[in-house]
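To be precise, the following lines are start-v4.cif, and they hold mmCIF, C-alpha atoms and all ligand atoms.
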data_query
#
loop_
_atom_site.label_atom_id
_atom_site.label_comp_id
_atom_site.auth_asym_id
_atom_site.auth_seq_id
_atom_site.Cartn_x
_atom_site.Cartn_y
_atom_site.Cartn_z
CA MET A 298 0.00 0.00 0.00
CA LYS A 299 1.16 3.47 -0.85
CA HIS A 300 -1.79 5.46 0.47
CA ILE A 301 -4.13 4.82 3.41
CA GLY A 302 -7.09 6.66 4.85
CA ILE A 303 -8.04 7.34 8.45
CA VAL A 304 -11.60 7.93 9.59
CA THR A 305 -12.88 9.03 13.00
CA SER A 306 -16.58 8.51 13.47
CA GLY A 307 -19.20 8.24 16.23
CA GLY A 308 -19.11 10.23 19.47
CA ASP A 309 -15.83 12.02 19.99
CA ALA A 310 -13.60 10.79 22.79
CA PRO A 311 -10.40 12.27 24.24
CA GLY A 312 -7.40 10.50 22.75
CA THR A 313 -8.81 10.24 19.21
CA ASN A 314 -6.25 12.73 17.89
CA ALA A 315 -3.46 10.83 19.62
CA ALA A 316 -4.53 7.64 17.81
CA LEU A 317 -4.76 9.49 14.52
CA ARG A 318 -1.29 10.93 15.01
CA ALA A 319 0.20 7.55 15.89
CA ALA A 320 -1.36 5.74 12.92
CA SER A 321 -0.15 8.52 10.62
CA ARG A 322 3.37 8.44 12.02
CA ALA A 323 3.53 4.66 11.56
CA ALA A 324 2.48 5.11 7.93
CA PHE A 325 4.96 7.94 7.29
CA ALA A 326 7.75 5.74 8.64
CA ARG A 327 6.93 3.31 5.82
CA SER A 328 6.71 6.08 3.22
CA VAL A 329 2.94 5.68 2.97
CA LYS A 330 0.72 8.68 2.22
CA VAL A 331 -2.21 9.37 4.59
CA SER A 332 -5.54 11.07 3.96
CA GLY A 333 -8.15 11.78 6.59
CA LEU A 334 -11.85 11.40 5.76
CA LEU A 335 -13.55 14.55 6.99
CA HIS A 336 -16.82 14.27 8.95
CA GLY A 337 -16.68 10.50 9.32
CA TRP A 338 -17.62 8.12 6.50
CA GLU A 339 -19.31 10.98 4.68
CA GLY A 340 -15.88 12.28 3.69
CA ALA A 341 -15.54 9.35 1.28
CA VAL A 342 -18.75 10.01 -0.61
CA LYS A 343 -18.48 13.79 -0.54
CA ASN A 344 -14.86 13.72 -1.65
CA ASP A 345 -13.98 15.57 1.54
CA PHE A 346 -10.46 14.58 2.53
CA LEU A 347 -7.65 16.20 4.44
CA GLU A 348 -4.13 15.32 3.45
CA ILE A 349 -2.36 14.37 6.62
CA THR A 350 1.23 15.46 6.82
CA ARG A 351 3.72 15.43 9.65
CA ASP A 352 2.74 19.07 10.31
CA VAL A 353 -0.98 18.30 10.46
CA VAL A 354 -0.49 15.81 13.28
CA HIS A 355 2.12 17.89 15.05
CA GLY A 356 1.07 18.94 18.57
CA ILE A 357 -2.28 17.14 18.61
CA VAL A 358 -1.46 14.38 21.09
CA GLU A 359 -2.98 16.44 23.90
CA ARG A 360 -5.93 17.84 21.96
CA GLY A 361 -9.47 16.65 22.69
CA GLY A 362 -12.02 16.08 19.91
CA THR A 363 -10.89 15.03 16.45
CA ILE A 364 -9.24 17.24 13.89
CA LEU A 365 -11.05 15.20 11.21
CA HIS A 366 -14.47 16.02 12.73
CA SER A 367 -16.92 13.27 13.45
CA ARG A 368 -20.45 12.23 12.55
CA ARG A 369 -23.00 9.70 13.57
CA THR A 370 -24.34 8.60 10.24
CA LYS A 371 -26.65 6.10 8.62
CA LEU A 372 -24.11 5.66 5.86
CA LEU A 373 -23.01 2.03 5.51
CA THR A 374 -26.31 0.78 6.91
CA ALA A 375 -28.30 0.82 3.66
CA LYS A 376 -27.89 -1.27 0.53
CA GLY A 377 -25.61 0.36 -1.99
CA ASP A 378 -23.79 2.52 0.58
CA VAL A 379 -20.69 0.41 0.68
CA GLU A 380 -20.15 0.67 -3.07
CA LYS A 381 -20.41 4.46 -2.79
CA VAL A 382 -17.92 4.61 0.05
CA ILE A 383 -15.44 2.28 -1.65
CA ALA A 384 -15.77 4.17 -4.95
CA GLY A 385 -15.03 7.44 -3.11
CA LEU A 386 -12.00 5.93 -1.41
CA ARG A 387 -10.69 4.46 -4.68
CA ARG A 388 -11.24 7.72 -6.53
CA HIS A 389 -8.94 9.28 -3.99
CA LYS A 390 -6.48 6.38 -4.46
CA ILE A 391 -6.88 5.16 -0.89
CA GLU A 392 -6.01 1.48 -0.63
CA GLY A 393 -6.79 0.71 3.00
CA LEU A 394 -8.40 2.34 6.02
CA VAL A 395 -7.85 2.75 9.75
CA ALA A 396 -11.28 3.26 11.33
CA ILE A 397 -11.20 4.86 14.78
CA GLY A 398 -14.55 4.59 16.53
CA GLY A 399 -17.09 2.84 18.71
CA ASP A 400 -19.67 0.16 17.99
CA GLY A 401 -21.38 1.98 15.11
CA SER A 402 -18.05 2.68 13.45
CA HIS A 403 -17.03 -0.95 13.83
CA ARG A 404 -20.30 -2.02 12.22
CA GLY A 405 -19.50 0.31 9.31
CA ALA A 406 -15.95 -1.03 9.12
CA LEU A 407 -17.30 -4.57 9.03
CA VAL A 408 -19.46 -3.79 5.99
CA LEU A 409 -16.41 -2.39 4.26
CA ALA A 410 -14.20 -5.36 5.18
CA GLU A 411 -16.86 -7.81 4.01
CA ALA A 412 -16.98 -6.01 0.70
CA GLY A 413 -13.26 -6.66 0.35
CA PHE A 414 -11.87 -3.23 1.27
CA PRO A 415 -8.91 -3.51 3.69
CA VAL A 416 -9.77 -1.99 7.05
CA VAL A 417 -8.43 -2.15 10.61
CA GLY A 418 -10.46 -0.82 13.55
CA VAL A 419 -9.32 1.10 16.63
CA PRO A 420 -11.68 1.04 19.65
CA LYS A 421 -12.59 4.53 20.77
CA THR A 422 -15.53 5.55 22.96
CA ILE A 423 -15.83 7.06 26.41
CA ASP A 424 -18.42 4.36 27.23
CA ASN A 425 -15.87 1.49 27.27
CA ASP A 426 -18.57 -0.82 25.95
CA LEU A 427 -16.65 -2.40 23.07
CA LEU A 428 -16.09 -6.13 23.14
CA GLY A 429 -12.64 -7.68 22.89
CA THR A 430 -10.58 -5.03 24.62
CA ASP A 431 -10.18 -4.02 28.26
CA PHE A 432 -10.33 -0.27 27.78
CA THR A 433 -11.34 1.94 24.90
CA ILE A 434 -9.69 5.24 24.06
CA GLY A 435 -11.34 8.09 25.98
CA PHE A 436 -12.75 6.06 28.85
CA GLN A 437 -10.08 6.93 31.42
CA THR A 438 -10.37 10.64 30.67
CA ALA A 439 -14.15 10.50 31.02
CA VAL A 440 -13.77 8.72 34.38
CA GLN A 441 -11.31 11.39 35.58
CA THR A 442 -13.60 14.24 34.50
CA ALA A 443 -16.61 12.57 36.13
CA CYS A 444 -14.60 12.02 39.29
CA ASP A 445 -13.58 15.70 39.39
CA CYS A 446 -17.23 16.72 39.00
CA ILE A 447 -18.36 14.44 41.83
CA ASP A 448 -15.55 15.68 44.09
CA ARG A 449 -16.77 19.24 43.54
CA LEU A 450 -20.39 18.30 44.14
CA ARG A 451 -19.54 16.64 47.44
CA ALA A 452 -18.81 19.93 49.25
CA HIS A 453 -22.05 21.46 48.03
CA THR A 454 -24.17 18.41 48.80
CA GLU A 455 -22.74 18.09 52.29
CA SER A 456 -23.14 21.80 53.06
CA HIS A 457 -26.80 21.77 52.04
CA ASP A 458 -27.68 18.38 53.55
CA ARG A 459 -29.01 17.29 50.21
CA VAL A 460 -29.24 14.25 48.02
CA MET A 461 -27.37 14.85 44.77
CA ILE A 462 -27.91 12.66 41.74
CA VAL A 463 -25.03 12.79 39.29
CA GLU A 464 -26.02 11.41 35.92
CA LEU A 465 -23.18 10.13 33.78
CA MET A 466 -23.01 9.05 30.15
CA GLY A 467 -22.31 5.48 29.14
CA ARG A 468 -25.32 4.46 27.06
CA HIS A 469 -26.41 0.96 28.06
CA ALA A 470 -23.28 0.22 30.09
CA GLY A 471 -22.33 1.31 33.59
CA TRP A 472 -18.55 1.49 33.17
CA ILE A 473 -18.12 5.24 33.65
CA ALA A 474 -20.61 5.35 36.54
CA ALA A 475 -19.05 2.42 38.38
CA PHE A 476 -15.45 3.55 37.96
CA ALA A 477 -16.06 7.24 38.68
CA GLY A 478 -18.46 6.41 41.52
CA LEU A 479 -15.98 4.10 43.20
CA ALA A 480 -13.09 6.52 42.72
CA SER A 481 -15.04 9.41 44.23
CA GLY A 482 -16.72 7.56 47.10
CA ALA A 483 -20.32 7.68 45.82
CA ASP A 484 -22.96 6.55 48.30
CA LEU A 485 -24.89 4.63 45.68
CA ILE A 486 -24.19 3.74 42.06
CA LEU A 487 -26.99 2.80 39.68
CA VAL A 488 -26.04 1.06 36.45
CA PRO A 489 -28.05 -0.64 33.70
CA GLU A 490 -26.43 -4.01 34.44
CA ARG A 491 -27.80 -4.06 37.99
CA MET A 492 -31.35 -2.75 38.24
CA TRP A 493 -32.50 -1.18 41.49
CA GLY A 494 -36.19 -0.48 41.99
CA ILE A 495 -37.16 3.01 43.12
CA ASP A 496 -38.32 1.58 46.47
CA GLU A 497 -34.92 -0.01 47.05
CA VAL A 498 -33.23 3.32 46.34
CA CYS A 499 -35.56 5.05 48.84
CA ASP A 500 -34.90 2.39 51.49
CA HIS A 501 -31.17 2.79 50.99
CA LEU A 502 -31.45 6.55 51.44
CA LYS A 503 -33.63 6.23 54.53
CA GLN A 504 -31.16 3.81 56.07
CA ARG A 505 -28.31 6.28 55.47
CA HIS A 506 -30.10 9.44 56.57
CA ASP A 507 -32.49 8.25 59.31
CA VAL A 508 -30.64 5.28 60.78
CA GLU A 509 -26.97 5.99 60.12
CA LYS A 510 -27.55 9.73 60.56
CA ARG A 511 -25.66 10.79 57.47
CA ASN A 512 -26.83 14.20 56.41
CA PHE A 513 -26.22 13.91 52.69
CA SER A 514 -25.93 11.41 49.85
CA LEU A 515 -24.25 11.37 46.48
CA ILE A 516 -25.89 9.04 44.00
CA VAL A 517 -24.20 8.31 40.70
CA VAL A 518 -26.58 7.10 38.02
CA ALA A 519 -25.61 5.87 34.57
CA GLU A 520 -27.80 7.50 31.93
CA GLY A 521 -29.12 4.10 30.81
CA ALA A 522 -29.98 2.80 34.28
CA ILE A 523 -33.46 2.08 35.61
CA GLU A 524 -34.79 2.49 32.10
CA SER A 525 -37.19 -0.34 32.61
CA GLN A 526 -38.90 1.34 35.53
CA LYS A 527 -42.30 2.23 34.12
CA MET A 528 -42.68 5.36 36.14
CA LEU A 529 -39.34 6.72 35.07
CA ARG A 530 -39.85 5.78 31.47
CA ARG A 531 -43.15 7.64 31.36
CA ALA A 532 -41.65 10.78 32.78
CA LYS A 533 -38.46 10.57 30.78
CA ASP A 534 -37.64 12.51 27.69
CA THR A 535 -38.21 10.06 24.87
CA ARG A 536 -36.54 11.99 22.07
CA HIS A 537 -34.65 9.99 19.51
CA ASP A 538 -31.68 11.04 17.44
CA HIS A 539 -31.55 10.94 13.63
CA LEU A 540 -30.42 7.32 13.77
CA GLY A 541 -33.45 6.37 15.83
CA ARG A 542 -31.40 5.83 18.98
CA PRO A 543 -33.12 6.96 22.19
CA HIS A 544 -31.66 10.15 23.60
CA LEU A 545 -30.77 8.90 27.03
CA GLY A 546 -29.94 12.05 29.01
CA GLY A 547 -32.42 13.25 31.63
CA LEU A 548 -32.79 10.31 33.97
CA GLY A 549 -31.08 12.15 36.85
CA ASP A 550 -33.74 14.87 36.95
CA VAL A 551 -36.57 12.37 36.89
CA LEU A 552 -34.96 10.35 39.62
CA ALA A 553 -34.33 13.41 41.80
CA ARG A 554 -38.00 14.41 41.58
CA ALA A 555 -39.20 10.89 42.30
CA LEU A 556 -36.88 10.50 45.31
CA GLU A 557 -37.78 13.88 46.78
CA GLU A 558 -41.48 13.07 46.49
CA ARG A 559 -41.08 9.71 48.16
CA THR A 560 -38.53 10.46 50.89
CA GLY A 561 -39.00 14.16 51.61
CA TYR A 562 -35.23 14.72 51.42
CA GLU A 563 -34.16 17.66 49.32
CA CYS A 564 -32.86 16.25 46.05
CA ARG A 565 -31.02 17.85 43.15
CA SER A 566 -29.45 16.49 40.03
CA THR A 567 -26.46 17.40 37.91
CA GLN A 568 -25.60 16.12 34.46
CA PRO A 569 -21.95 16.65 33.47
CA GLY A 570 -23.06 15.35 30.04
CA TYR A 571 -20.78 16.21 27.15
CA LEU A 572 -18.08 17.52 29.50
CA LEU A 573 -17.05 13.87 29.78
CA ARG A 574 -16.27 13.82 26.08
CA GLY A 575 -14.25 17.01 26.15
CA GLY A 576 -10.89 18.16 27.36
CA SER A 577 -7.36 16.99 26.98
CA PRO A 578 -6.90 13.21 27.29
CA VAL A 579 -5.25 11.94 30.46
CA ALA A 580 -1.81 10.38 29.92
CA VAL A 581 -3.18 6.82 30.13
CA ASP A 582 -5.53 7.55 27.21
CA ARG A 583 -2.79 9.21 25.17
CA LEU A 584 -0.57 6.19 25.66
CA LEU A 585 -3.31 3.67 24.86
CA ALA A 586 -4.28 5.66 21.76
CA THR A 587 -0.66 5.81 20.68
CA ARG A 588 -0.12 2.06 21.07
CA LEU A 589 -3.35 1.20 19.28
CA GLY A 590 -2.86 3.77 16.52
CA LEU A 591 0.66 2.55 15.75
CA ARG A 592 -0.44 -1.06 15.73
CA ALA A 593 -3.53 -0.47 13.59
CA ALA A 594 -1.45 1.13 10.82
CA ASP A 595 1.23 -1.55 11.11
CA CYS A 596 -1.38 -4.33 10.85
CA LEU A 597 -3.02 -2.70 7.84
CA LEU A 598 0.31 -2.19 6.08
CA ASP A 599 1.32 -5.76 6.90
CA GLY A 600 -1.70 -6.92 4.93
CA MET A 601 -4.26 -7.58 7.68
CA SER A 602 -7.89 -6.60 7.33
CA GLY A 603 -11.22 -7.11 9.10
CA ILE A 604 -9.58 -6.84 12.52
CA SER A 605 -9.72 -4.37 15.38
CA VAL A 606 -6.71 -3.84 17.60
CA GLY A 607 -7.11 -3.92 21.37
CA GLU A 608 -5.47 -4.86 24.64
CA VAL A 609 -6.45 -7.51 27.15
CA GLY A 610 -4.53 -7.71 30.42
CA SER A 611 -2.04 -5.18 28.98
CA LYS A 612 -1.27 -7.55 26.08
CA PRO A 613 -2.01 -6.65 22.47
CA VAL A 614 -4.87 -8.51 20.81
CA GLU A 615 -6.39 -8.48 17.36
CA ASN A 616 -10.11 -9.17 17.28
CA ALA A 617 -12.23 -9.91 14.26
CA ILE A 618 -14.26 -6.75 13.63
CA ALA A 619 -17.28 -9.05 13.34
CA ASP A 620 -16.78 -10.06 16.99
CA VAL A 621 -16.38 -6.48 18.19
CA ALA A 622 -19.45 -5.33 16.27
CA LYS A 623 -21.78 -8.07 17.46
CA GLY A 624 -22.77 -6.55 20.79
CA ASN A 625 -21.71 -4.44 23.73
CA LYS A 626 -19.48 -5.20 26.68
CA PRO A 627 -21.43 -4.85 29.92
CA LEU A 628 -19.88 -3.90 33.23
CA PRO A 629 -18.84 -7.21 34.87
CA ASP A 630 -20.52 -8.19 38.17
CA LEU A 631 -17.15 -8.13 39.88
CA GLU A 632 -16.66 -4.43 39.10
CA TYR A 633 -20.11 -3.53 40.41
CA GLU A 634 -19.73 -5.65 43.52
CA ARG A 635 -16.42 -4.01 44.37
CA ALA A 636 -18.02 -0.59 44.14
CA ALA A 637 -21.07 -1.75 46.09
CA ARG A 638 -18.91 -2.66 49.10
CA PHE A 639 -18.83 1.04 49.85
CA PHE A 640 -22.56 1.65 49.98
O1 LIG B 1 -21.32 6.85 22.91
C1 LIG B 1 -20.81 7.94 23.59
C2 LIG B 1 -21.91 8.78 24.13
O2 LIG B 1 -21.25 9.84 24.74
C3 LIG B 1 -22.89 8.13 25.08
O3 LIG B 1 -22.37 7.99 26.35
C4 LIG B 1 -24.08 9.05 24.96
O4 LIG B 1 -25.30 8.42 25.27
C5 LIG B 1 -24.04 9.40 23.53
O5 LIG B 1 -22.70 9.33 23.13
C6 LIG B 1 -24.58 10.75 23.17
O6 LIG B 1 -24.46 10.86 21.80
P1 LIG B 1 -24.74 12.08 20.85
O7 LIG B 1 -23.40 12.62 20.46
O8 LIG B 1 -25.40 11.46 19.66
O9 LIG B 1 -25.58 13.05 21.59
#

Go through the file and emit its structure as structure tokens.
Ligand code: F6P
Amino acid sequence: MKHIGIVTSGGDAPGTNAALRAASRAAFARSVKVSGLLHGWEGAVKNDFLEITRDVVHGIVERGGTILHSRRTKLLTAKGDVEKVIAGLRRHKIEGLVAIGGDGSHRGALVLAEAGFPVVGVPKTIDNDLLGTDFTIGFQTAVQTACDCIDRLRAHTESHDRVMIVELMGRHAGWIAAFAGLASGADLILVPERMWGIDEVCDHLKQRHDVEKRNFSLIVVAEGAIESQKMLRRAKDTRHDHLGRPHLGGLGDVLARALEERTGYECRSTQPGYLLRGGSPVAVDRLLATRLGLRAADCLLDGMSGISVGEVGSKPVENAIADVAKGNKPLPDLEYERAARFF
């Protein structure tokens, strides 16, 4: 290969630029030209490319977001899309692709690989819900940001003798909530993998406040938790995005109202939301992104395709994209139980 493409798609995550830089540098070292697809997969069909040079990736290791811009798109889900994307890539003389993204991006990459276009995936999402790898790029930064938010909320919550619900992103997985909640000493963590009924949450609060005489509580709730609770579902914002995915944010507010009504304790909620996706990546994310980016380009240039690079137990692994794209990685029981020992 003399020319490869790099695409960043799906929700942005800190460390994406570091992965892009590393994959580019690995290609340059082998005298391979690199083009970035702008705005996700759409760049291929709209002939929207950015030539990536050493200068373009200079100084971006610490930058959040993605210099290639990102999109959530339906492209590569409908019949005929893959031909359009491949034609666009070939027109631009791109012979292989590094696809940096989450589950949706891996599903897109799979379609491309199955159509015979060489592609290697790099797992990137703050949610850490991708199969086949221990940690995805962006997760550790999101946990750190969430932890900082909760630390700040603690002083306020304690001073006002309140119950504070902190709602954190993560879609249908509780990774960010469990890790940030444990690291910041949350008094209760609610995740989709372990459903608590509203009555159980109230009982837990009453035990803390009335019996143990604690004057405040910090509850971390993953945005996808307690979704099945009828009452909460009714009250919840049921907007959907352009891909038909439910817009999950808003559970914290609903929960705060429901708890206040039932317990009489003063409840508030805070949603750090997209702050978790922003900011400079922590060093651990930069390093992970660098290792995965280098390896993805090396694998592609060594002739591999249809794989996604990852790490399990600090060891490099190559997963079939088909295996990564087939589902989501839930928070393991062990992780939740460790966190639950503190509440
Ligand atoms: O997948 C990452 C994520 O940040 C989720 O945690 C969240 O539910 C979702 O993206 C929000 O996505 P959007 O960018 O479409 O609002």

Could you give me, as a Markdown table, a per-residue list for chain A showing, wherever an atom lies at most 9 Å from an atom of ligand LIG 1 (chain B), the closest pair of atoms and their distance in Å to one decimal, using all atoms listed in the file and sorting by chain then residue number from low to high?
| residue | atom | partner | partner_atom | distance |
| --- | --- | --- | --- | --- |
| A:Gly307 | CA | B:LIG1 | O1 | 7.1 |
| A:Gly308 | CA | B:LIG1 | O7 | 5.0 |
| A:Asp309 | CA | B:LIG1 | C1 | 7.4 |
| A:Ala310 | CA | B:LIG1 | C1 | 7.8 |
| A:Arg368 | CA | B:LIG1 | O7 | 8.5 |
| A:Arg369 | CA | B:LIG1 | O8 | 6.8 |
| A:Gly399 | CA | B:LIG1 | O1 | 7.2 |
| A:Asp400 | CA | B:LIG1 | O1 | 8.5 |
| A:Thr422 | CA | B:LIG1 | C1 | 5.8 |
| A:Ile423 | CA | B:LIG1 | C1 | 5.8 |
| A:Asp424 | CA | B:LIG1 | O3 | 5.4 |
| A:Asn425 | CA | B:LIG1 | O1 | 8.8 |
| A:Asp426 | CA | B:LIG1 | O1 | 8.7 |
| A:Leu465 | CA | B:LIG1 | O3 | 7.8 |
| A:Met466 | CA | B:LIG1 | O3 | 4.0 |
| A:Gly467 | CA | B:LIG1 | O3 | 3.8 |
| A:Arg468 | CA | B:LIG1 | O4 | 4.3 |
| A:His469 | CA | B:LIG1 | O4 | 8.0 |
| A:Ala470 | CA | B:LIG1 | O3 | 8.7 |
| A:Ile473 | CA | B:LIG1 | O3 | 8.9 |
| A:Glu520 | CA | B:LIG1 | O4 | 7.2 |
| A:Gly521 | CA | B:LIG1 | O4 | 8.0 |
| A:Asp538 | CA | B:LIG1 | O8 | 6.7 |
| A:His539 | CA | B:LIG1 | O8 | 8.6 |
| A:Leu540 | CA | B:LIG1 | O8 | 8.8 |
| A:Arg542 | CA | B:LIG1 | O8 | 8.3 |
| A:Pro543 | CA | B:LIG1 | O4 | 8.5 |
| A:His544 | CA | B:LIG1 | O4 | 6.8 |
| A:Leu545 | CA | B:LIG1 | O4 | 5.8 |
| A:Gly546 | CA | B:LIG1 | O4 | 7.0 |
| A:Gly570 | CA | B:LIG1 | O2 | 7.9 |
| A:Tyr571 | CA | B:LIG1 | O2 | 6.8 |
| A:Leu573 | CA | B:LIG1 | O2 | 7.7 |
| A:Arg574 | CA | B:LIG1 | O2 | 6.5 |

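Distance annotation: of A:Arg559, A:Lys623, A:Arg505, A:Arg318, the residue with the minimal separation from Val395 in chain A is A:Arg318; atom set is all atoms listed in the file.
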
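Closest to Gly607 in chain A among A:Ile397, A:Val488, A:Val440, A:Cys499 is A:Ile397, based on all atoms listed in the file.
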
Compute the distance from (5.0, 0.9, 4.5) to each atom, counting all atoms listed in the file, keep the residues with any atom at most 12 Å away, and return them as a PDB file with C-alpha atoms, in the frame of the given file; use the coordinates of the file.
ATOM      1  CA  MET A 298       0.000   0.000   0.000  1.00  0.00           C
ATOM      2  CA  LYS A 299       1.160   3.470  -0.850  1.00  0.00           C
ATOM      3  CA  HIS A 300      -1.790   5.460   0.470  1.00  0.00           C
ATOM      4  CA  ILE A 301      -4.130   4.820   3.410  1.00  0.00           C
ATOM      5  CA  ALA A 320      -1.360   5.740  12.920  1.00  0.00           C
ATOM      6  CA  SER A 321      -0.150   8.520  10.620  1.00  0.00           C
ATOM      7  CA  ARG A 322       3.370   8.440  12.020  1.00  0.00           C
ATOM      8  CA  ALA A 323       3.530   4.660  11.560  1.00  0.00           C
ATOM      9  CA  ALA A 324       2.480   5.110   7.930  1.00  0.00           C
ATOM     10  CA  PHE A 325       4.960   7.940   7.290  1.00  0.00           C
ATOM     11  CA  ALA A 326       7.750   5.740   8.640  1.00  0.00           C
ATOM     12  CA  ARG A 327       6.930   3.310   5.820  1.00  0.00           C
ATOM     13  CA  SER A 328       6.710   6.080   3.220  1.00  0.00           C
ATOM     14  CA  VAL A 329       2.940   5.680   2.970  1.00  0.00           C
ATOM     15  CA  LYS A 330       0.720   8.680   2.220  1.00  0.00           C
ATOM     16  CA  VAL A 331      -2.210   9.370   4.590  1.00  0.00           C
ATOM     17  CA  GLY A 393      -6.790   0.710   3.000  1.00  0.00           C
ATOM     18  CA  ALA A 594      -1.450   1.130  10.820  1.00  0.00           C
ATOM     19  CA  ASP A 595       1.230  -1.550  11.110  1.00  0.00           C
ATOM     20  CA  CYS A 596      -1.380  -4.330  10.850  1.00  0.00           C
ATOM     21  CA  LEU A 597      -3.020  -2.700   7.840  1.00  0.00           C
ATOM     22  CA  LEU A 598       0.310  -2.190   6.080  1.00  0.00           C
ATOM     23  CA  ASP A 599       1.320  -5.760   6.900  1.00  0.00           C
ATOM     24  CA  GLY A 600      -1.700  -6.920   4.930  1.00  0.00           C
TER      25      GLY A 600
END

(message) Using only C-alpha atoms, can you tell me which of A:Phe432, A:Trp338, A:Tyr633, A:Phe414 comes closest to Ser402 in chain A?
(response) A:Trp338

(request) Determine the nearest neighbour of Ala619 in chain A from the options A:Gly418, A:Gly471, A:Gly547, A:Gly494, counting only C-alpha atoms. (result) A:Gly418

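For Leu572 in chain A, the non-local neighbours within 9 Å, defined as residues at least 6 positions apart in the same chain or in other chains and counting all atoms listed in the file, are Ala439, Thr442 and Ala443 of chain A.
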
(request) Take CA of Gly435 in chain A and CA of Ala475 in chain A and report the distance between them in Å, one decimal. (result) 15.7 Å

(message) I'd like the contact shell of Ala553 in chain A - 8 Å cut-off, all atoms listed in the file, skipping same-chain residues fewer than 3 positions apart - returned as a list in words.
(response) Met461, Ile462, Gly549, Asp550, Leu556, Glu557, Cys564, Arg565 and Ser566 of chain A

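The smallest atom-to-atom distance between Ala586 in chain A and any of A:Glu392, A:Glu380, A:Asp352, A:Glu608, using all atoms listed in the file, is found for A:Glu608.
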
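Proximity of A:Val417, A:Leu347, A:Ala637, A:Val508 to Ala483 in chain A, computed with all atoms listed in the file, is greatest for A:Ala637.
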
(message) At a cut-off of 9 Å, using all atoms listed in the file, what residues contact range 450-453 of chain A? Leave out same-chain residues fewer than 3 positions from it and give the result as a ChimeraX atom specification.
(response) /A:445-447,456-459,461,463,513-515,567

(request) Enter the distance from CA of Gln441 in chain A to CA of Leu479 in chain A, in Å, rounded to one decimal. (result) 11.5 Å

(request) Grab the CA of Gly377 in chain A to CA of Ile303 in chain A distance for me, in Å with one decimal place. (result) 21.6 Å

(request) List the neighbours of Glu348 in chain A out to 9 Å using only C-alpha atoms; skip same-chain residues closer than 2 positions along the sequence, and give me the result as a VMD selection string. (result) chain A and resid 330 to 334 346 350 353

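The list of residues with at least one atom within 9 Å of Val342 in chain A, based on all atoms listed in the file and without residues fewer than 5 positions apart in the same chain, reads Lys381, Val382, Ile383, Ala384, Gly385 and Leu386 of chain A.
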
Can you complete the atoms of range 370-379 of chain A to N, CA, C and O atoms and list them as an mmCIF file, keeping the file's coordinate frame?
data_model
loop_
_atom_site.group_PDB
_atom_site.id
_atom_site.type_symbol
_atom_site.label_atom_id
_atom_site.label_comp_id
_atom_site.auth_asym_id
_atom_site.auth_seq_id
_atom_site.Cartn_x
_atom_site.Cartn_y
_atom_site.Cartn_z
ATOM 1 N N THR A 370 -23.716 8.614 11.553
ATOM 2 C CA THR A 370 -24.340 8.600 10.240
ATOM 3 C C THR A 370 -24.997 7.264 9.934
ATOM 4 O O THR A 370 -24.607 6.231 10.497
ATOM 5 N N LYS A 371 -25.983 7.334 9.055
ATOM 6 C CA LYS A 371 -26.650 6.100 8.620
ATOM 7 C C LYS A 371 -25.866 5.435 7.490
ATOM 8 O O LYS A 371 -26.165 4.314 7.103
ATOM 9 N N LEU A 372 -24.899 6.183 6.972
ATOM 10 C CA LEU A 372 -24.110 5.660 5.860
ATOM 11 C C LEU A 372 -23.502 4.320 6.241
ATOM 12 O O LEU A 372 -23.051 4.149 7.375
ATOM 13 N N LEU A 373 -23.494 3.401 5.332
ATOM 14 C CA LEU A 373 -23.010 2.030 5.510
ATOM 15 C C LEU A 373 -24.030 1.156 6.230
ATOM 16 O O LEU A 373 -23.703 0.058 6.687
ATOM 17 N N THR A 374 -25.273 1.645 6.347
ATOM 18 C CA THR A 374 -26.310 0.780 6.910
ATOM 19 C C THR A 374 -27.299 0.375 5.807
ATOM 20 O O THR A 374 -28.014 -0.604 5.944
ATOM 21 N N ALA A 375 -27.340 1.142 4.733
ATOM 22 C CA ALA A 375 -28.300 0.820 3.660
ATOM 23 C C ALA A 375 -27.597 0.146 2.489
ATOM 24 O O ALA A 375 -26.384 0.295 2.303
ATOM 25 N N LYS A 376 -28.413 -0.583 1.722
ATOM 26 C CA LYS A 376 -27.890 -1.270 0.530
ATOM 27 C C LYS A 376 -27.314 -0.234 -0.440
ATOM 28 O O LYS A 376 -27.877 0.840 -0.607
ATOM 29 N N GLY A 377 -26.192 -0.548 -0.998
ATOM 30 C CA GLY A 377 -25.610 0.360 -1.990
ATOM 31 C C GLY A 377 -24.618 1.357 -1.400
ATOM 32 O O GLY A 377 -23.800 1.927 -2.112
ATOM 33 N N ASP A 378 -24.683 1.552 -0.070
ATOM 34 C CA ASP A 378 -23.790 2.520 0.580
ATOM 35 C C ASP A 378 -22.318 2.127 0.428
ATOM 36 O O ASP A 378 -21.452 2.963 0.180
ATOM 37 N N VAL A 379 -22.080 0.837 0.650
ATOM 38 C CA VAL A 379 -20.690 0.410 0.680
ATOM 39 C C VAL A 379 -19.999 0.634 -0.667
ATOM 40 O O VAL A 379 -18.831 1.049 -0.716
#
